[in-house]
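What's in final_6.txt: compact mmCIF, C-alpha atoms and all ligand atoms
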# COMPACT_ATOMS: atom_id res chain seq x y z
CA MET A 1 98.18 113.33 75.56
CA LYS A 2 95.74 112.30 78.30
CA ILE A 3 97.54 112.27 81.63
CA ALA A 4 96.47 111.36 85.18
CA MET A 5 98.18 113.32 87.93
CA ALA A 6 98.21 112.79 91.69
CA CYS A 7 100.14 113.87 94.76
CA ASP A 8 100.05 113.99 98.52
CA HIS A 9 100.28 117.12 100.67
CA GLY A 10 104.09 117.05 100.33
CA ALA A 11 103.89 117.89 96.63
CA TYR A 12 100.63 119.76 96.27
CA GLN A 13 102.36 122.89 94.92
CA TYR A 14 104.41 121.04 92.31
CA LYS A 15 101.42 118.97 91.15
CA ASN A 16 99.43 122.12 90.52
CA GLU A 17 102.29 123.91 88.77
CA LEU A 18 103.09 120.94 86.53
CA ARG A 19 99.38 120.35 85.84
CA ASP A 20 98.93 123.95 84.73
CA MET A 21 102.06 123.78 82.57
CA LEU A 22 100.82 120.64 80.82
CA LYS A 23 97.31 122.05 80.34
CA ASN A 24 98.83 125.16 78.75
CA GLU A 25 100.77 122.89 76.42
CA GLY A 26 97.52 121.26 75.25
CA HIS A 27 97.48 118.06 77.29
CA GLU A 28 94.30 116.76 78.88
CA ILE A 29 94.84 116.30 82.61
CA ILE A 30 92.80 114.24 85.02
CA ASP A 31 93.71 115.63 88.44
CA CYS A 32 93.24 112.88 91.03
CA GLY A 33 94.21 115.21 93.91
CA CYS A 34 95.10 115.89 96.57
CA ASP A 35 93.46 119.29 96.72
CA GLY A 36 95.23 121.06 99.55
CA SER A 37 98.11 121.04 102.00
CA ALA A 38 96.27 119.07 104.72
CA SER A 39 97.94 115.75 105.52
CA VAL A 40 96.71 112.85 103.39
CA ASP A 41 97.88 109.30 102.64
CA TYR A 42 99.82 109.01 99.35
CA PRO A 43 98.68 105.41 98.59
CA ASP A 44 95.11 106.66 98.07
CA TYR A 45 96.22 109.11 95.40
CA ALA A 46 98.73 106.76 93.80
CA LYS A 47 95.97 104.16 93.46
CA ALA A 48 93.58 106.63 91.80
CA ALA A 49 96.08 107.72 89.13
CA ALA A 50 97.59 104.26 88.60
CA THR A 51 94.16 102.71 88.07
CA LEU A 52 93.44 105.19 85.29
CA VAL A 53 96.74 104.22 83.63
CA SER A 54 96.29 100.47 84.07
CA THR A 55 92.76 100.50 82.63
CA GLY A 56 93.86 102.54 79.62
CA ALA A 57 91.66 105.52 80.54
CA VAL A 58 94.75 107.74 80.20
CA ASP A 59 98.02 107.47 78.29
CA LYS A 60 100.41 108.24 81.15
CA GLY A 61 100.48 109.06 84.87
CA ILE A 62 102.52 111.56 86.83
CA VAL A 63 102.63 111.31 90.63
CA LEU A 64 104.45 113.31 93.25
CA CYS A 65 105.07 113.24 97.00
CA GLY A 66 107.77 114.63 99.26
CA THR A 67 110.43 112.32 97.91
CA GLY A 68 108.54 110.56 95.13
CA ILE A 69 109.38 107.28 96.85
CA GLY A 70 106.17 106.41 98.70
CA ILE A 71 103.87 107.33 95.87
CA SER A 72 105.95 105.38 93.32
CA ILE A 73 106.03 102.29 95.53
CA ALA A 74 102.24 102.46 95.88
CA ALA A 75 101.63 103.06 92.15
CA ASN A 76 103.81 100.07 91.28
CA LYS A 77 101.47 97.77 93.23
CA VAL A 78 98.79 98.27 90.57
CA LYS A 79 98.93 95.62 87.85
CA GLY A 80 100.54 96.81 84.64
CA ILE A 81 102.15 99.87 86.19
CA ARG A 82 105.79 100.67 85.64
CA CYS A 83 106.26 103.84 87.67
CA ALA A 84 109.75 105.35 87.58
CA LEU A 85 111.05 107.74 90.21
CA CYS A 86 113.21 110.22 88.30
CA THR A 87 115.49 112.94 89.62
CA ASP A 88 116.99 114.02 86.31
CA VAL A 89 116.33 114.11 82.59
CA THR A 90 118.63 111.19 81.80
CA MET A 91 116.61 108.90 84.08
CA ALA A 92 113.37 110.07 82.44
CA LYS A 93 114.68 109.37 78.93
CA LEU A 94 116.17 106.01 79.83
CA THR A 95 113.12 104.76 81.70
CA ARG A 96 110.99 105.48 78.62
CA GLU A 97 113.51 103.92 76.23
CA HIS A 98 114.36 100.86 78.33
CA ASN A 99 111.46 100.23 80.73
CA ASP A 100 108.56 101.70 78.73
CA ALA A 101 107.58 103.35 82.02
CA ASN A 102 103.92 104.39 81.98
CA MET A 103 104.09 106.50 85.12
CA LEU A 104 106.56 109.10 86.35
CA ALA A 105 107.19 109.92 90.01
CA MET A 106 109.06 112.92 91.41
CA GLY A 107 109.66 114.53 94.80
CA GLN A 108 108.95 118.12 95.76
CA ARG A 109 111.48 117.99 98.62
CA THR A 110 114.24 116.49 96.52
CA THR A 111 114.07 117.97 93.01
CA GLY A 112 113.76 121.59 91.88
CA ILE A 113 110.67 122.64 89.97
CA GLU A 114 112.56 123.58 86.80
CA THR A 115 114.24 120.17 86.75
CA CYS A 116 110.84 118.55 87.28
CA LYS A 117 109.48 120.43 84.27
CA ASP A 118 112.40 119.18 82.15
CA ILE A 119 111.89 115.65 83.47
CA VAL A 120 108.18 115.74 82.56
CA HIS A 121 108.95 116.90 79.02
CA ALA A 122 111.64 114.25 78.54
CA PHE A 123 109.32 111.56 79.90
CA LEU A 124 106.41 112.50 77.65
CA GLU A 125 108.49 113.07 74.51
CA THR A 126 110.74 110.00 74.61
CA PRO A 127 109.37 106.90 72.87
CA PHE A 128 110.01 103.31 73.97
CA SER A 129 112.99 101.92 72.04
CA GLU A 130 111.08 98.72 71.09
CA GLY A 131 114.42 96.92 71.57
CA GLU A 132 114.04 93.16 71.71
CA ARG A 133 116.03 92.85 74.94
CA HIS A 134 113.95 95.52 76.61
CA ILE A 135 110.67 93.91 75.53
CA LYS A 136 111.86 90.59 76.96
CA ARG A 137 112.72 92.21 80.31
CA ILE A 138 109.39 94.03 80.52
CA GLU A 139 107.61 90.74 79.84
CA LYS A 140 109.57 89.24 82.73
CA ILE A 141 108.35 92.07 84.98
CA SER A 142 104.77 91.22 83.96
CA GLU A 143 105.38 87.57 84.80
CA ILE A 144 106.38 88.56 88.34
CA GLU A 145 102.99 90.27 88.73
CA SER A 146 101.17 86.98 88.24
CA LEU A 147 103.17 85.03 90.85
C1 LIG B 1 104.64 112.66 103.73
O1 LIG B 1 104.95 113.12 104.98
C2 LIG B 1 105.84 111.97 103.09
O2 LIG B 1 106.12 110.82 103.79
C3 LIG B 1 105.57 111.69 101.64
O3 LIG B 1 105.31 112.88 100.97
C4 LIG B 1 106.65 110.98 100.88
O4 LIG B 1 107.87 111.63 101.00
C5 LIG B 1 106.74 109.53 101.12
O5 LIG B 1 107.50 108.82 100.50
Produce structure tokens that represent the structure in this file.
Amino acid sequence: MKIAMACDHGAYQYKNELRDMLKNEGHEIIDCGCDGSASVDYPDYAKAAATLVSTGAVDKGIVLCGTGIGISIAANKVKGIRCALCTDVTMAKLTREHNDANMLAMGQRTTGIETCKDIVHAFLETPFSEGERHIKRIEKISEIESL
């Protein structure tokens, strides 16, 4: 799978560790930064990864910050993005099945690295359910974007 990844300084370590894990597993990763532990603004990095997802340049996006909150809020401002902040595997599976989430957000200060690895695998491996009620709800989300 082709995956865009991004983080701020609060999750630089996790982004690198998860990026390397996914590369080793054969995924193609576009690393949108950041590239160090110096303080940066998470919206800049969220925008870079989310734009690659929304234009179809990549299949999925994974973004991280201290809590996963700021970077998910920012990613969700990009048209077509459904970025889900997940803290466990159940959330990752359900957001793929029900919301067809195209981006995953996690927090380095709030979730352990092993759990994050499990979350990433669940997110990437779970297909959208294609359920009629879920499709209808996702269409309603898209309608809100054009208000
Ligand atoms: C950065 O200090 C911190 O605010 C950020 O990583 C994130 O937790 C924001 O939601």
Residues near segment 102-116 of chain A, cut-off 8 Å, only C-alpha atoms, skip fewer than 3 positions along chain, as JSON, numbers by chain = {"A": [10, 11, 14, 50, 53, 59, 60, 61, 62, 63, 64, 65, 66, 67, 68, 69, 71, 72, 81, 82, 83, 84, 85, 86, 87, 88, 89, 92, 96, 119, 120, 123]}
inquiry  = Every residue with an atom at most 7 Å from (98.2, 101.2, 85.9) (file coordinates; all atoms listed in the file) is what I'm after, so could you write them as a ChimeraX atom specification?
reply    = /A:50-55,78-81
Restrict the selected residues to C-alpha atoms and save them as a CSV table (one decimal), keeping the file's coordinate frame.
chain,number,residue,atom,x,y,z
A,50,ALA,CA,97.6,104.3,88.6
A,51,THR,CA,94.2,102.7,88.1
A,52,LEU,CA,93.4,105.2,85.3
A,53,VAL,CA,96.7,104.2,83.6
A,54,SER,CA,96.3,100.5,84.1
A,55,THR,CA,92.8,100.5,82.6
A,78,VAL,CA,98.8,98.3,90.6
A,79,LYS,CA,98.9,95.6,87.8
A,80,GLY,CA,100.5,96.8,84.6
A,81,ILE,CA,102.2,99.9,86.2
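With atom CA of Ala101 of chain A on one side and atom CA of Ala46 of chain A on the other, the separation reads 15.1 Å.
The spacing separating atom CA of Tyr45 of chain A from atom CA of His9 of chain A amounts to 10.4 Å.
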Where is the centre and how long are the edges: axis-aligned box on ligand LIG 1 (chain B), 4 Å on each side, Å to one decimal, as JSON:
{"center_x": 106.3, "center_y": 111.0, "center_z": 102.7, "size_x": 11.2, "size_y": 12.3, "size_z": 12.5}
N, CA and C atoms are what I want for segment 52-77 of chain A; can you complete it accordingly and write them as a CSV table (one decimal), in the coordinates of the input?
chain,number,residue,atom,x,y,z
A,52,LEU,N,93.8,104.6,86.6
A,52,LEU,CA,93.4,105.2,85.3
A,52,LEU,C,94.4,104.8,84.2
A,53,VAL,N,95.7,104.6,84.6
A,53,VAL,CA,96.7,104.2,83.6
A,53,VAL,C,96.5,102.7,83.3
A,54,SER,N,96.4,101.9,84.3
A,54,SER,CA,96.3,100.5,84.1
A,54,SER,C,95.1,100.1,83.3
A,55,THR,N,94.0,100.8,83.4
A,55,THR,CA,92.8,100.5,82.6
A,55,THR,C,92.8,101.1,81.2
A,56,GLY,N,93.8,101.9,80.9
A,56,GLY,CA,93.9,102.5,79.6
A,56,GLY,C,93.0,103.8,79.5
A,57,ALA,N,92.5,104.3,80.6
A,57,ALA,CA,91.7,105.5,80.5
A,57,ALA,C,92.5,106.7,80.2
A,58,VAL,N,93.8,106.7,80.5
A,58,VAL,CA,94.8,107.7,80.2
A,58,VAL,C,96.0,107.1,79.6
A,59,ASP,N,96.8,108.0,78.9
A,59,ASP,CA,98.0,107.5,78.3
A,59,ASP,C,99.2,107.3,79.3
A,60,LYS,N,99.3,108.2,80.2
A,60,LYS,CA,100.4,108.2,81.2
A,60,LYS,C,99.9,108.8,82.5
A,61,GLY,N,100.8,108.5,83.5
A,61,GLY,CA,100.5,109.1,84.9
A,61,GLY,C,101.7,109.8,85.4
A,62,ILE,N,101.4,110.8,86.2
A,62,ILE,CA,102.5,111.6,86.8
A,62,ILE,C,102.1,111.7,88.3
A,63,VAL,N,103.0,111.2,89.2
A,63,VAL,CA,102.6,111.3,90.6
A,63,VAL,C,103.8,111.9,91.4
A,64,LEU,N,103.4,112.6,92.5
A,64,LEU,CA,104.4,113.3,93.2
A,64,LEU,C,104.1,113.2,94.7
A,65,CYS,N,105.2,113.1,95.5
A,65,CYS,CA,105.1,113.2,97.0
A,65,CYS,C,106.3,114.0,97.5
A,66,GLY,N,106.6,113.9,98.8
A,66,GLY,CA,107.8,114.6,99.3
A,66,GLY,C,109.1,114.2,98.6
A,67,THR,N,109.2,112.9,98.5
A,67,THR,CA,110.4,112.3,97.9
A,67,THR,C,110.1,111.7,96.6
A,68,GLY,N,108.9,111.4,96.3
A,68,GLY,CA,108.5,110.6,95.1
A,68,GLY,C,108.6,109.1,95.4
A,69,ILE,N,109.1,108.7,96.6
A,69,ILE,CA,109.4,107.3,96.8
A,69,ILE,C,108.1,106.6,97.2
A,70,GLY,N,107.4,107.1,98.2
A,70,GLY,CA,106.2,106.4,98.7
A,70,GLY,C,105.1,106.3,97.6
A,71,ILE,N,104.9,107.3,96.9
A,71,ILE,CA,103.9,107.3,95.9
A,71,ILE,C,104.2,106.4,94.7
A,72,SER,N,105.5,106.3,94.4
A,72,SER,CA,106.0,105.4,93.3
A,72,SER,C,105.8,103.9,93.8
A,73,ILE,N,106.2,103.7,95.0
A,73,ILE,CA,106.0,102.3,95.5
A,73,ILE,C,104.6,101.9,95.4
A,74,ALA,N,103.7,102.8,95.9
A,74,ALA,CA,102.2,102.5,95.9
A,74,ALA,C,101.7,102.3,94.5
A,75,ALA,N,102.1,103.2,93.5
A,75,ALA,CA,101.6,103.1,92.2
A,75,ALA,C,102.1,101.7,91.5
A,76,ASN,N,103.3,101.3,91.9
A,76,ASN,CA,103.8,100.1,91.3
A,76,ASN,C,103.1,98.8,91.8
A,77,LYS,N,102.2,98.9,92.8
A,77,LYS,CA,101.5,97.8,93.2
A,77,LYS,C,100.3,97.5,92.3
